[in-house]
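The structure file work-v2.cif is reproduced below (mmCIF, C-alpha atoms (C1' of nucleotides)).
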data_my_file
#
loop_
_atom_site.label_atom_id
_atom_site.label_comp_id
_atom_site.auth_asym_id
_atom_site.auth_seq_id
_atom_site.Cartn_x
_atom_site.Cartn_y
_atom_site.Cartn_z
CA MET M 750 72.84 141.69 105.58
CA THR M 751 75.17 139.83 103.32
CA ARG M 752 72.06 138.52 101.70
CA THR M 753 68.61 139.97 102.23
CA THR M 754 66.17 137.61 103.85
CA THR M 755 63.67 138.35 101.18
CA SER M 756 64.09 136.72 97.80
CA ALA M 757 66.19 134.06 99.49
CA ARG M 758 65.30 130.73 98.09
CA PRO M 759 63.31 128.67 100.59
CA PRO M 760 64.85 125.36 101.67
CA GLY M 761 63.51 121.99 100.69
CA ARG M 762 62.30 120.52 97.46
CA PRO M 763 61.10 123.27 95.10
CA ARG M 764 57.61 123.13 93.72
CA ALA M 765 57.19 121.74 90.26
CA GLY M 766 55.71 124.07 87.62
CA LEU M 767 52.30 122.52 87.82
CA ASN M 768 50.04 125.56 88.19
CA ASP M 769 49.49 125.99 84.47
CA VAL M 770 48.77 122.30 84.05
CA VAL M 771 46.22 122.41 86.86
CA PHE M 772 44.58 125.55 85.46
CA ALA M 773 44.24 123.99 82.04
CA ALA M 774 42.86 120.79 83.53
CA THR M 775 40.39 122.79 85.60
CA LEU M 776 38.96 124.65 82.62
CA SER M 777 38.76 121.59 80.39
CA THR M 778 37.15 119.50 83.11
CA VAL M 779 34.59 122.19 83.88
CA HIS M 780 33.91 122.60 80.19
CA GLU M 781 33.40 118.89 79.57
CA LEU M 782 31.56 117.82 82.69
CA GLY M 783 30.02 121.02 84.05
CA TYR M 784 30.87 122.78 87.26
CA ALA M 785 29.12 120.42 89.67
CA SER M 786 30.77 117.34 88.22
CA ALA M 787 34.17 118.97 88.08
CA THR M 788 35.29 117.59 91.41
CA VAL M 789 38.76 118.18 92.74
CA ASP M 790 39.45 114.50 92.28
CA ARG M 791 38.63 114.68 88.60
CA ILE M 792 40.57 117.88 88.06
CA ALA M 793 43.58 116.30 89.74
CA ALA M 794 43.26 113.22 87.58
CA ALA M 795 42.98 115.32 84.43
CA ALA M 796 46.11 117.22 85.43
CA GLY M 797 47.98 114.03 86.26
CA VAL M 798 48.47 115.25 89.81
CA ALA M 799 47.49 114.01 93.24
CA LYS M 800 44.57 115.67 94.94
CA THR M 801 46.69 116.42 97.97
CA THR M 802 49.03 118.44 95.80
CA ILE M 803 46.17 120.69 94.79
CA TYR M 804 45.11 121.20 98.40
CA ARG M 805 48.71 121.97 99.32
CA ARG M 806 48.65 124.94 96.93
CA TRP M 807 45.07 126.17 97.19
CA PRO M 808 43.13 126.17 100.45
CA SER M 809 39.79 125.35 98.85
CA LYS M 810 38.14 124.58 95.56
CA GLY M 811 36.82 128.13 95.37
CA ALA M 812 40.31 129.56 95.70
CA LEU M 813 41.52 127.30 92.90
CA ILE M 814 38.72 128.41 90.59
CA VAL M 815 39.31 132.09 91.34
CA ASP M 816 43.03 131.77 90.66
CA CYS M 817 42.20 129.90 87.49
CA LEU M 818 39.91 132.73 86.39
CA LEU M 819 42.52 135.36 87.23
CA GLU M 820 44.97 133.53 85.02
CA ALA M 821 42.39 133.17 82.26
CA PHE M 822 41.27 136.80 82.35
CA GLY M 823 44.57 138.58 82.73
CA PRO M 824 44.59 142.34 83.06
CA VAL M 825 41.79 144.47 81.64
CA PRO M 826 42.74 145.85 78.26
CA LEU M 827 41.96 149.45 79.05
CA GLU M 828 42.60 150.88 75.64
CA GLY M 829 40.74 153.74 74.09
CA VAL M 830 40.80 157.46 74.54
CA SER M 831 37.23 158.29 75.36
CA ARG M 832 35.21 156.91 78.23
CA ALA M 833 32.81 155.36 75.76
CA GLU M 834 35.62 153.47 74.07
CA LEU M 835 37.00 152.30 77.39
CA MET M 836 33.63 151.01 78.56
CA SER M 837 32.77 149.39 75.28
CA SER M 838 36.09 147.58 75.04
CA ALA M 839 35.79 146.39 78.63
CA ILE M 840 32.29 145.01 78.01
CA HIS M 841 33.26 143.18 74.85
CA TRP M 842 36.40 141.90 76.53
CA ILE M 843 34.61 140.34 79.52
CA ALA M 844 31.90 138.94 77.26
CA ALA M 845 34.51 137.29 75.07
CA LYS M 846 36.31 135.86 78.07
CA ILE M 847 33.11 134.44 79.53
CA GLY M 848 32.45 132.86 76.15
CA GLU M 849 35.71 130.92 76.18
CA PRO M 850 35.19 127.21 76.84
CA GLY M 851 35.05 126.49 80.54
CA VAL M 852 35.54 130.08 81.66
CA GLY M 853 31.88 131.03 81.74
CA ASP M 854 30.91 127.82 83.50
CA ALA M 855 33.65 128.23 86.08
CA PHE M 856 32.75 131.87 86.66
CA ALA M 857 29.06 131.17 87.07
CA GLY M 858 29.81 128.19 89.25
CA VAL M 859 32.10 129.94 91.68
CA PHE M 860 29.69 132.85 91.79
CA SER M 861 27.02 130.37 92.77
CA ASP M 862 29.16 129.01 95.55
CA ALA M 863 29.82 132.54 96.74
CA VAL M 864 26.12 133.14 97.26
CA SER M 865 25.92 130.76 100.16
CA ASP M 866 29.55 130.60 101.26
CA PRO M 867 30.88 133.86 102.74
CA ALA M 868 34.46 132.60 102.52
CA VAL M 869 34.18 132.08 98.78
CA ARG M 870 32.43 135.43 98.46
CA GLU M 871 35.33 137.13 100.19
CA ILE M 872 37.87 135.48 97.88
CA LEU M 873 35.82 136.31 94.81
CA SER M 874 35.30 139.90 95.82
CA ALA M 875 38.83 140.66 96.99
CA ARG M 876 40.90 138.75 94.47
CA LEU M 877 38.80 138.98 91.33
CA GLN M 878 36.36 141.87 91.44
CA ASP M 879 38.31 144.50 93.38
CA PRO M 880 41.35 144.72 91.09
CA TYR M 881 39.18 145.21 88.02
CA ARG M 882 36.90 147.59 89.85
CA LEU M 883 39.81 149.77 90.96
CA ALA M 884 41.30 149.81 87.48
CA LEU M 885 37.96 150.86 86.04
CA GLN M 886 37.46 153.52 88.69
CA GLU M 887 40.78 155.12 87.83
CA ALA M 888 40.44 154.80 84.09
CA LEU M 889 36.88 156.09 83.95
CA GLY M 890 37.06 158.65 86.72
CA GLU M 891 33.82 157.32 88.18
CA PRO M 892 33.01 156.98 91.89
CA GLU M 893 33.01 153.55 93.43
CA HIS M 894 29.26 153.03 93.57
CA ARG M 895 28.85 153.86 89.90
CA VAL M 896 31.53 151.35 88.91
CA LEU M 897 29.92 148.72 91.15
CA PHE M 898 26.64 149.36 89.38
CA PHE M 899 28.41 149.03 86.04
CA VAL M 900 29.89 145.68 87.08
CA ASP M 901 26.57 144.44 88.42
CA VAL M 902 24.82 145.19 85.17
CA VAL M 903 27.45 143.85 82.80
CA VAL M 904 28.61 140.76 84.66
CA GLY M 905 25.18 140.03 86.08
CA THR M 906 23.57 140.08 82.67
CA LEU M 907 26.23 137.90 81.07
CA LEU M 908 26.17 135.36 83.88
CA HIS M 909 22.37 135.22 83.96
CA ARG M 910 22.29 134.40 80.27
CA MET M 911 25.00 131.80 80.79
CA GLY M 912 23.24 130.27 83.77
CA MET M 913 19.76 130.11 82.26
CA THR M 914 20.71 128.87 78.81
CA GLY M 915 24.09 127.24 79.29
CA GLU M 916 25.40 129.22 76.37
CA PRO M 917 27.27 132.53 76.34
CA MET M 918 25.52 135.61 75.08
CA VAL M 919 25.61 136.12 71.34
CA ASP M 920 27.44 139.11 69.85
CA ALA M 921 24.29 140.98 68.88
CA ASP M 922 23.02 140.97 72.45
CA VAL M 923 26.44 141.95 73.79
CA ALA M 924 26.34 144.91 71.43
CA ALA M 925 22.88 145.82 72.71
CA LEU M 926 24.13 145.57 76.27
CA ALA M 927 27.05 147.85 75.50
CA GLU M 928 24.80 150.33 73.76
CA MET M 929 22.41 150.43 76.69
CA VAL M 930 25.13 150.84 79.30
CA LEU M 931 26.98 153.49 77.32
CA ALA M 932 23.85 155.53 76.90
CA HIS M 933 23.20 155.38 80.61
CA PHE M 934 26.72 156.42 81.59
CA ALA M 935 26.94 159.16 79.01
CA ASP M 936 24.33 161.55 80.34
CA GLY M 937 25.22 164.08 82.99
CA ALA M 938 28.67 162.65 83.56
CA ASP M 939 32.00 164.22 82.72
CA PRO M 940 32.10 166.56 85.74
CA THR M 941 34.52 169.16 84.35
CA MET E 1393 -19.01 107.83 82.61
CA THR E 1394 -21.37 108.49 85.42
CA ARG E 1395 -18.53 110.39 86.95
CA THR E 1396 -15.54 111.66 85.04
CA THR E 1397 -12.27 110.08 86.06
CA THR E 1398 -10.70 113.49 86.37
CA SER E 1399 -11.42 115.52 89.48
CA ALA E 1400 -12.30 112.27 91.23
CA ARG E 1401 -10.83 112.27 94.65
CA PRO E 1402 -7.89 109.89 94.80
CA PRO E 1403 -8.17 107.02 97.25
CA GLY E 1404 -6.16 106.73 100.41
CA ARG E 1405 -5.33 109.13 103.17
CA PRO E 1406 -5.48 112.72 101.92
CA ARG E 1407 -2.48 114.95 102.25
CA ALA E 1408 -2.36 117.33 105.14
CA GLY E 1409 -2.20 121.07 104.36
CA LEU E 1410 1.49 121.33 104.96
CA ASN E 1411 2.71 123.13 101.86
CA ASP E 1412 2.38 126.59 103.32
CA VAL E 1413 4.11 125.52 106.51
CA VAL E 1414 7.00 124.05 104.51
CA PHE E 1415 7.28 127.14 102.32
CA ALA E 1416 7.42 129.42 105.34
CA ALA E 1417 9.99 127.19 107.02
CA THR E 1418 12.07 127.16 103.84
CA LEU E 1419 12.24 130.94 103.56
CA SER E 1420 12.95 131.49 107.24
CA THR E 1421 15.63 128.80 107.31
CA VAL E 1422 17.33 130.19 104.21
CA HIS E 1423 17.12 133.66 105.66
CA GLU E 1424 18.63 132.70 109.01
CA LEU E 1425 21.27 130.18 107.97
CA GLY E 1426 21.98 130.98 104.33
CA TYR E 1427 21.26 128.82 101.33
CA ALA E 1428 24.07 126.31 101.77
CA SER E 1429 23.22 125.62 105.40
CA ALA E 1430 19.52 125.37 104.69
CA THR E 1431 19.53 121.61 104.32
CA VAL E 1432 16.40 119.65 103.75
CA ASP E 1433 16.80 118.15 107.19
CA ARG E 1434 16.81 121.57 108.81
CA ILE E 1435 13.89 122.83 106.72
CA ALA E 1436 11.90 119.76 107.69
CA ALA E 1437 12.74 120.29 111.35
CA ALA E 1438 11.73 123.95 111.15
CA ALA E 1439 8.43 122.94 109.59
CA GLY E 1440 7.83 120.22 112.18
CA VAL E 1441 7.69 117.65 109.40
CA ALA E 1442 9.64 114.54 108.50
CA LYS E 1443 12.18 114.81 105.70
CA THR E 1444 10.54 111.92 103.91
CA THR E 1445 7.33 113.91 103.73
CA ILE E 1446 9.12 116.68 101.84
CA TYR E 1447 10.65 114.22 99.38
CA ARG E 1448 7.23 112.66 98.87
CA ARG E 1449 5.91 116.01 97.62
CA TRP E 1450 8.92 117.49 95.82
CA PRO E 1451 11.35 115.40 93.80
CA SER E 1452 14.39 117.45 94.75
CA LYS E 1453 15.53 120.37 96.81
CA GLY E 1454 15.62 122.55 93.70
CA ALA E 1455 11.98 121.80 92.93
CA LEU E 1456 11.04 122.73 96.48
CA ILE E 1457 12.85 126.05 96.26
CA VAL E 1458 11.30 126.89 92.90
CA ASP E 1459 7.81 126.12 94.16
CA CYS E 1460 8.55 128.20 97.21
CA LEU E 1461 9.60 131.11 95.00
CA LEU E 1462 6.51 130.75 92.83
CA GLU E 1463 4.38 131.00 95.94
CA ALA E 1464 6.39 133.98 97.20
CA PHE E 1465 6.30 135.87 93.91
CA GLY E 1466 2.75 135.33 92.82
CA PRO E 1467 1.62 136.73 89.50
CA VAL E 1468 3.29 139.76 87.95
CA PRO E 1469 1.36 142.91 88.71
CA LEU E 1470 1.12 144.13 85.15
CA GLU E 1471 -0.55 147.42 85.82
CA GLY E 1472 0.02 150.60 83.90
CA VAL E 1473 -1.12 151.85 80.58
CA SER E 1474 2.12 152.67 78.80
CA ARG E 1475 4.96 150.28 78.09
CA ALA E 1476 7.23 152.39 80.25
CA GLU E 1477 4.88 152.10 83.20
CA LEU E 1478 4.56 148.36 82.71
CA MET E 1479 8.32 147.86 82.58
CA SER E 1480 9.02 150.14 85.48
CA SER E 1481 6.46 148.51 87.71
CA ALA E 1482 7.77 145.06 86.81
CA ILE E 1483 11.33 146.06 87.67
CA HIS E 1484 10.42 147.56 91.00
CA TRP E 1485 8.19 144.60 91.78
CA ILE E 1486 10.90 141.96 91.22
CA ALA E 1487 13.45 144.09 93.07
CA ALA E 1488 11.13 144.35 96.06
CA LYS E 1489 10.43 140.62 96.02
CA ILE E 1490 14.13 139.79 95.92
CA GLY E 1491 14.60 142.13 98.86
CA GLU E 1492 12.19 140.19 101.04
CA PRO E 1493 13.93 138.13 103.72
CA GLY E 1494 14.96 134.75 102.39
CA VAL E 1495 13.60 135.27 98.90
CA GLY E 1496 16.75 136.79 97.43
CA ASP E 1497 18.99 134.19 99.02
CA ALA E 1498 16.78 131.36 97.84
CA PHE E 1499 16.58 132.79 94.33
CA ALA E 1500 20.31 133.32 94.03
CA GLY E 1501 20.97 129.90 95.53
CA VAL E 1502 18.73 127.94 93.22
CA PHE E 1503 20.06 129.93 90.28
CA SER E 1504 23.52 128.88 91.35
CA ASP E 1505 22.49 125.26 91.46
CA ALA E 1506 20.97 125.59 88.01
CA VAL E 1507 24.29 126.63 86.53
CA SER E 1508 25.78 123.20 86.98
CA ASP E 1509 22.68 121.05 87.22
CA PRO E 1510 20.66 120.82 83.99
CA ALA E 1511 17.71 119.31 85.82
CA VAL E 1512 17.42 122.31 88.13
CA ARG E 1513 17.96 124.62 85.17
CA GLU E 1514 15.03 123.02 83.38
CA ILE E 1515 12.77 123.40 86.41
CA LEU E 1516 13.83 127.00 86.93
CA SER E 1517 13.39 127.91 83.30
CA ALA E 1518 10.09 126.17 82.69
CA ARG E 1519 8.29 126.76 85.95
CA LEU E 1520 9.59 130.15 87.01
CA GLN E 1521 10.97 132.13 84.08
CA ASP E 1522 8.71 131.05 81.24
CA PRO E 1523 5.37 132.12 82.79
CA TYR E 1524 6.66 135.58 83.56
CA ARG E 1525 8.39 135.84 80.21
CA LEU E 1526 5.20 134.98 78.35
CA ALA E 1527 3.18 137.43 80.38
CA LEU E 1528 5.69 140.16 79.62
CA GLN E 1529 5.79 139.29 75.94
CA GLU E 1530 2.07 139.68 75.66
CA ALA E 1531 1.81 142.77 77.79
CA LEU E 1532 4.68 144.58 76.13
CA GLY E 1533 4.23 143.37 72.59
CA GLU E 1534 7.92 142.58 72.37
CA PRO E 1535 9.46 139.58 70.59
CA GLU E 1536 10.82 136.72 72.67
CA HIS E 1537 14.48 137.57 72.36
CA ARG E 1538 13.95 141.14 73.51
CA VAL E 1539 12.05 140.01 76.58
CA LEU E 1540 14.77 137.48 77.34
CA PHE E 1541 17.30 140.27 77.14
CA PHE E 1542 15.14 142.36 79.45
CA VAL E 1543 15.01 139.54 81.98
CA ASP E 1544 18.73 138.88 81.75
CA VAL E 1545 19.53 142.50 82.47
CA VAL E 1546 17.06 143.05 85.29
CA VAL E 1547 17.28 139.74 87.13
CA GLY E 1548 20.97 139.28 86.39
CA THR E 1549 21.84 142.68 87.82
CA LEU E 1550 19.75 142.22 90.95
CA LEU E 1551 21.11 138.73 91.62
CA HIS E 1552 24.68 139.79 91.00
CA ARG E 1553 24.36 142.53 93.57
CA MET E 1554 22.72 140.10 95.98
CA GLY E 1555 25.39 137.45 95.42
CA MET E 1556 28.40 139.73 95.69
CA THR E 1557 27.29 141.77 98.69
CA GLY E 1558 24.73 139.57 100.41
CA GLU E 1559 22.36 142.51 100.51
CA PRO E 1560 19.59 143.42 98.08
CA MET E 1561 20.04 146.42 95.82
CA VAL E 1562 19.13 149.75 97.37
CA ASP E 1563 16.24 151.75 95.93
CA ALA E 1564 18.40 154.41 94.32
CA ASP E 1565 20.24 151.81 92.25
CA VAL E 1566 16.99 150.05 91.36
CA ALA E 1567 15.73 153.38 90.07
CA ALA E 1568 18.91 153.82 88.02
CA LEU E 1569 18.46 150.33 86.62
CA ALA E 1570 14.88 151.08 85.63
CA GLU E 1571 15.90 154.36 84.04
CA MET E 1572 18.63 152.69 82.03
CA VAL E 1573 16.43 149.84 80.83
CA LEU E 1574 13.52 152.11 79.95
CA ALA E 1575 15.75 154.37 77.89
CA HIS E 1576 17.05 151.38 75.98
CA PHE E 1577 13.63 149.93 75.25
CA ALA E 1578 12.10 153.24 74.32
CA ASP E 1579 14.00 153.98 71.13
CA GLY E 1580 12.83 152.65 67.82
CA ALA E 1581 10.19 150.43 69.36
CA ASP E 1582 6.42 150.79 69.13
CA PRO E 1583 6.06 149.21 65.69
CA THR E 1584 2.74 150.78 64.73
"C1'" DT J 708 75.16 113.23 103.99
"C1'" DG J 709 71.68 115.28 106.70
"C1'" DG J 710 67.87 118.69 106.77
"C1'" DT J 711 63.83 120.39 104.70
"C1'" DT J 712 60.05 120.55 101.74
"C1'" DT J 713 57.17 118.66 98.00
"C1'" DC J 714 54.91 114.80 95.69
"C1'" DG J 715 51.99 110.63 95.11
"C1'" DC J 716 49.21 107.41 97.41
"C1'" DT J 717 45.78 105.55 100.49
"C1'" DA J 718 42.68 106.04 103.91
"C1'" DC J 719 39.63 108.52 106.68
"C1'" DG J 720 36.03 111.95 108.80
"C1'" DG J 721 32.24 114.86 107.98
"C1'" DC J 722 28.21 116.44 105.76
"C1'" DA J 723 24.24 116.63 102.77
"C1'" DA J 724 21.08 114.69 98.94
"C1'" DG J 725 18.12 111.23 98.20
"C1'" DT J 726 16.24 106.23 99.12
"C1'" DA J 727 14.27 102.26 101.70
"C1'" DT J 728 11.58 100.28 105.12
"C1'" DC J 729 8.17 99.86 108.77
"C1'" DG J 730 4.44 100.76 111.88
"C1'" DA J 731 0.76 103.94 112.54
"C1'" DT J 732 -2.92 106.80 110.89
"C1'" DA J 733 -6.74 108.83 108.04
"C1'" DC J 734 -10.14 108.54 104.58
"C1'" DC J 735 -13.22 105.85 101.39
"C1'" DG J 736 -16.32 102.34 99.82
"C1'" DA J 737 -18.81 98.08 100.64
"C1'" DT N 1037 -17.60 97.37 110.76
"C1'" DC N 1038 -13.95 96.05 107.85
"C1'" DG N 1039 -10.53 95.79 104.02
"C1'" DG N 1040 -7.97 98.93 100.58
"C1'" DT N 1041 -5.13 102.63 99.74
"C1'" DA N 1042 -2.13 106.37 100.55
"C1'" DT N 1043 0.11 109.55 103.72
"C1'" DC N 1044 2.96 110.55 107.85
"C1'" DG N 1045 6.86 110.03 111.08
"C1'" DA N 1046 11.09 107.79 112.46
"C1'" DT N 1047 15.27 105.49 111.63
"C1'" DA N 1048 18.79 103.73 108.99
"C1'" DC N 1049 21.17 103.54 104.87
"C1'" DT N 1050 23.71 104.54 100.33
"C1'" DT N 1051 26.24 107.68 97.54
"C1'" DG N 1052 29.18 111.47 96.44
"C1'" DC N 1053 32.28 115.13 97.39
"C1'" DC N 1054 35.18 118.35 100.30
"C1'" DG N 1055 39.00 118.49 102.97
"C1'" DT N 1056 42.60 116.20 106.15
"C1'" DA N 1057 46.11 112.81 108.02
"C1'" DG N 1058 49.86 109.86 107.61
"C1'" DC N 1059 53.36 107.55 105.07
"C1'" DG N 1060 57.40 106.63 102.06
"C1'" DA N 1061 59.94 108.56 98.24
"C1'" DA N 1062 62.06 112.18 95.68
"C1'" DA N 1063 64.40 116.75 94.95
"C1'" DC N 1064 67.16 120.47 96.30
"C1'" DC N 1065 70.63 122.85 99.41
"C1'" DA N 1066 74.45 123.40 102.67
#

Structure re-expressed in C-alpha cells:
Amino acid sequence: MTRTTTSARPPGRPRAGLNDVVFAATLSTVHELGYASATVDRIAAAAGVAKTTIYRRWPSKGALIVDCLLEAFGPVPLEGVSRAELMSSAIHWIAAKIGEPGVGDAFAGVFSDAVSDPAVREILSARLQDPYRLALQEALGEPEHRVLFFVDVVVGTLLHRMGMTGEPMVDADVAALAEMVLAHFADGADPT
Amino acid sequence: MTRTTTSARPPGRPRAGLNDVVFAATLSTVHELGYASATVDRIAAAAGVAKTTIYRRWPSKGALIVDCLLEAFGPVPLEGVSRAELMSSAIHWIAAKIGEPGVGDAFAGVFSDAVSDPAVREILSARLQDPYRLALQEALGEPEHRVLFFVDVVVGTLLHRMGMTGEPMVDADVAALAEMVLAHFADGADPT
DNA sequence: TGGTTTCGCTACGGCAAGTATCGATACCGA
DNA sequence: TCGGTATCGATACTTGCCGTAGCGAAACCA
C-alpha cells in the first residue's frame, strides 16, 4: 500500500489532449454538412486525427455524439427559487443549447439513430437523459413519470421543430412553450 | 380531341395491385425488425415482390415509408363542434395511430431520416404534414404558426416518448398532453 | 534500454441504398 | 394474329459508410 493502485498512472504512451479538438470538429462538421454527411472519416479529417484514433476512444459514432453533447450542454443551470423559475430557466436553457450551431443537428441526428438502434438508445438514455432527469426530479420535487413527461414535451417539441424545418425554434415560440408547460405543472401540485 | 389525353389509359402492361401488399409488408417488417433492420430487400421479400419493383414505384425508401404512413393514417377525423373537441379528438387520434404496430416505429424512423436528409424532409413536410396542417387550420380557424406550434408539441411529444422508450405513450399521459394543450389554446383565442 | 500504450496510415469486411440489364409477361391497337 | 409498350422478377453491380485489423513509429516510464 505504499501507493494506492487507483490513481496510479497507467503505463505506456499517454493520450494526447485531443477530445476537445474532436468535439469541436464534430459540431462544426455536423453544422456544415448535416448529420448524415458528417461521417467519422470527415470528422477525423476536420480534427486532424486518424479515424482509428476516434474509434480507440469511443466505441461507436453514437457514443461520440452523445459525449460531444454532454460536453456542449454541461450541467443544468438550476437557478431560481420557485418551481416556476426553475422550469422556465431549464426550458430556455435547453432551447438555447439546441439553437447553437451543430448542437441541434447532432441532437436530432443521434435521437434519430436511437429510434432504430437499441444500443444508441441505451447510451442516449443513460448518459444524457438520466442525469438531467434526476437533477430535475430532485430540484422540482416531482415524481419520475411527471419529469419524464416534462422532458418529452419540451425536448420533443424543440426537436420536432428542428427536424421539420431545419431551424431552431424562435424565442417567441419557446416562450409560448414555457408558458404552456408552466401552466400545466402549476395546478394541483405542491403537495404540502 | 375525340378523347381527352388525360385519363387515357397508358399503354403497356398495367401495374399489378401490389401497393397494399407492399404497405402491409412494410409495417409488419418495421414492427418485427425495427426501422433500421427493415431494409428494402427484406420488405420486398416479405411482400413477395422484387426489390426493383419497389424502386419502380417509389423513388426512395423515405417516399415508400411516407406513402405507407399516409395510407395508414387516412384523413383526420375532424369531428366535434367546439374547438376543444376538435383538438382533443385530433390528439387522441394521432396518438392511437402512432400506437398501432409498426406505425410509430416507421414514423419516428422516417422523421429521423428527415433530420439529415433534406429530400426526405421535403417529402415528409409536403406530403404528410401539410395536408393535415391545412385541414387543422381551416377547422380550427387558427393562423399557420399556431397550428405549426400545435403540431410540434403534439407530434414531437409522442415521437420523443416513442423514440426514447420504444413504446407508445400510455393513455393517461396522452390525456395529460391533451389537457395541457387545450388549456394553452383556450385562452385569449376565439377572435369574434 | 526495454516494456507498454497510443498514434497515423492503409487496407479490408460487411451491409444497405439505389442502378443496370435481361428475359419473360400482360395488355392494347391494328 | 402480330408488333409496341410497359411491368415484373432475378441477378449483378456501384457507391458510401461503419467498424476492424495490422503495421511501423512515437511517447512515456522504470

Residues within 9 Å of region 911-919 of chain M, all atoms listed in the file, excluding chain neighbours under 2 positions, as a PyMOL selection string: (chain M and resi 844-845+847-849+853-854+857-858+906-909+921-924) or (chain E and resi 1503-1504+1506-1508+1510+1513-1514+1516-1517+1544)

Assuming the chain letters and numbering stay as they are in my file, what does the PyMOL selection byres ((chain E) within 7 of (chain N)) actually select? List them as a PyMOL selection string. chain E and resi 1403-1407+1442+1445

Record the distance separating CA of Ile1483 (chain E) and CA of Ala1570 (chain E), expressed in Å with one decimal.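 About the pair CA of Ile1483 (chain E) and CA of Ala1570 (chain E): they are 6.5 Å apart.
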
Could you check which of E:Val1441, E:Ala1518, E:Ile1486, E:Leu1532 is closest to chain M, using only C-alpha atoms? E:Ala1518

Taking only C-alpha atoms (C1' of nucleotides) into account, name the residue in M:Thr801, M:Ser786, M:Asn768, M:Thr778 that is nearest to chain J.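 Closest candidate: M:Thr801.
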
May I have the residues of chain J within 10 Å of chain E, counting all atoms listed in the file, written as a list in words?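 Using all atoms listed in the file, chain J residues at most 10 Å from chain E: DA723, DA724, DG725, DT726, DT732, DA733, DC734, DC735 and DG736 of chain J.
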
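Distances from E:Pro1535, E:Pro1523, E:Gly1440, E:Gly1426 to chain M were compared using all atoms listed in the file, and the smallest one belongs to E:Gly1426.
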
Give the centre and edge lengths of an axis-aligned box, in Å to one decimal, that holds all listed atoms of region 1444-1449 of chain E with 5 Å on each side, as AutoDock Vina command-line options.
--center_x 8.3 --center_y 114.3 --center_z 100.8 --size_x 14.7 --size_y 14.8 --size_z 16.3

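The spacing separating CA of Leu1569 (chain E) from CA of Ala1476 (chain E) amounts to 13.1 Å.
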
Smallest atom-to-atom distance to chain M: which of E:Glu1477, E:Asp1505, E:Glu1424, E:Asp1459, using all atoms listed in the file?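 Closest to chain M of all the choices is E:Asp1505.
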
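Counting all atoms listed in the file, the residue from E:Val1422, E:Ala1436, E:Val1414, E:Val1458 that sits nearest to chain M is E:Val1422.
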
Atomic distance CA of Leu819 (chain M) - CA of Val1547 (chain E), expressed in Å with one decimal: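 Taking CA of Leu819 (chain M) and CA of Val1547 (chain E), their separation equals 25.6 Å.
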
Which is closest to chain E among M:Glu887, M:Asp769, M:Asp866, M:Asp920, if we use all atoms listed in the file? M:Asp866

Once the PyMOL selection byres ((chain M and resi 897) around 10) has been applied to the shown file, what residues remain in the selection, as a list in words?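 So the PyMOL selection byres ((chain M and resi 897) around 10) ends up selecting Gln878, Asp879, Arg882, Leu883, Leu885, Gln886, Glu891, Pro892, Glu893, His894, Arg895, Val896, Phe898, Phe899, Val900, Asp901, Val902 and Val903 of chain M; Arg1553 of chain E.
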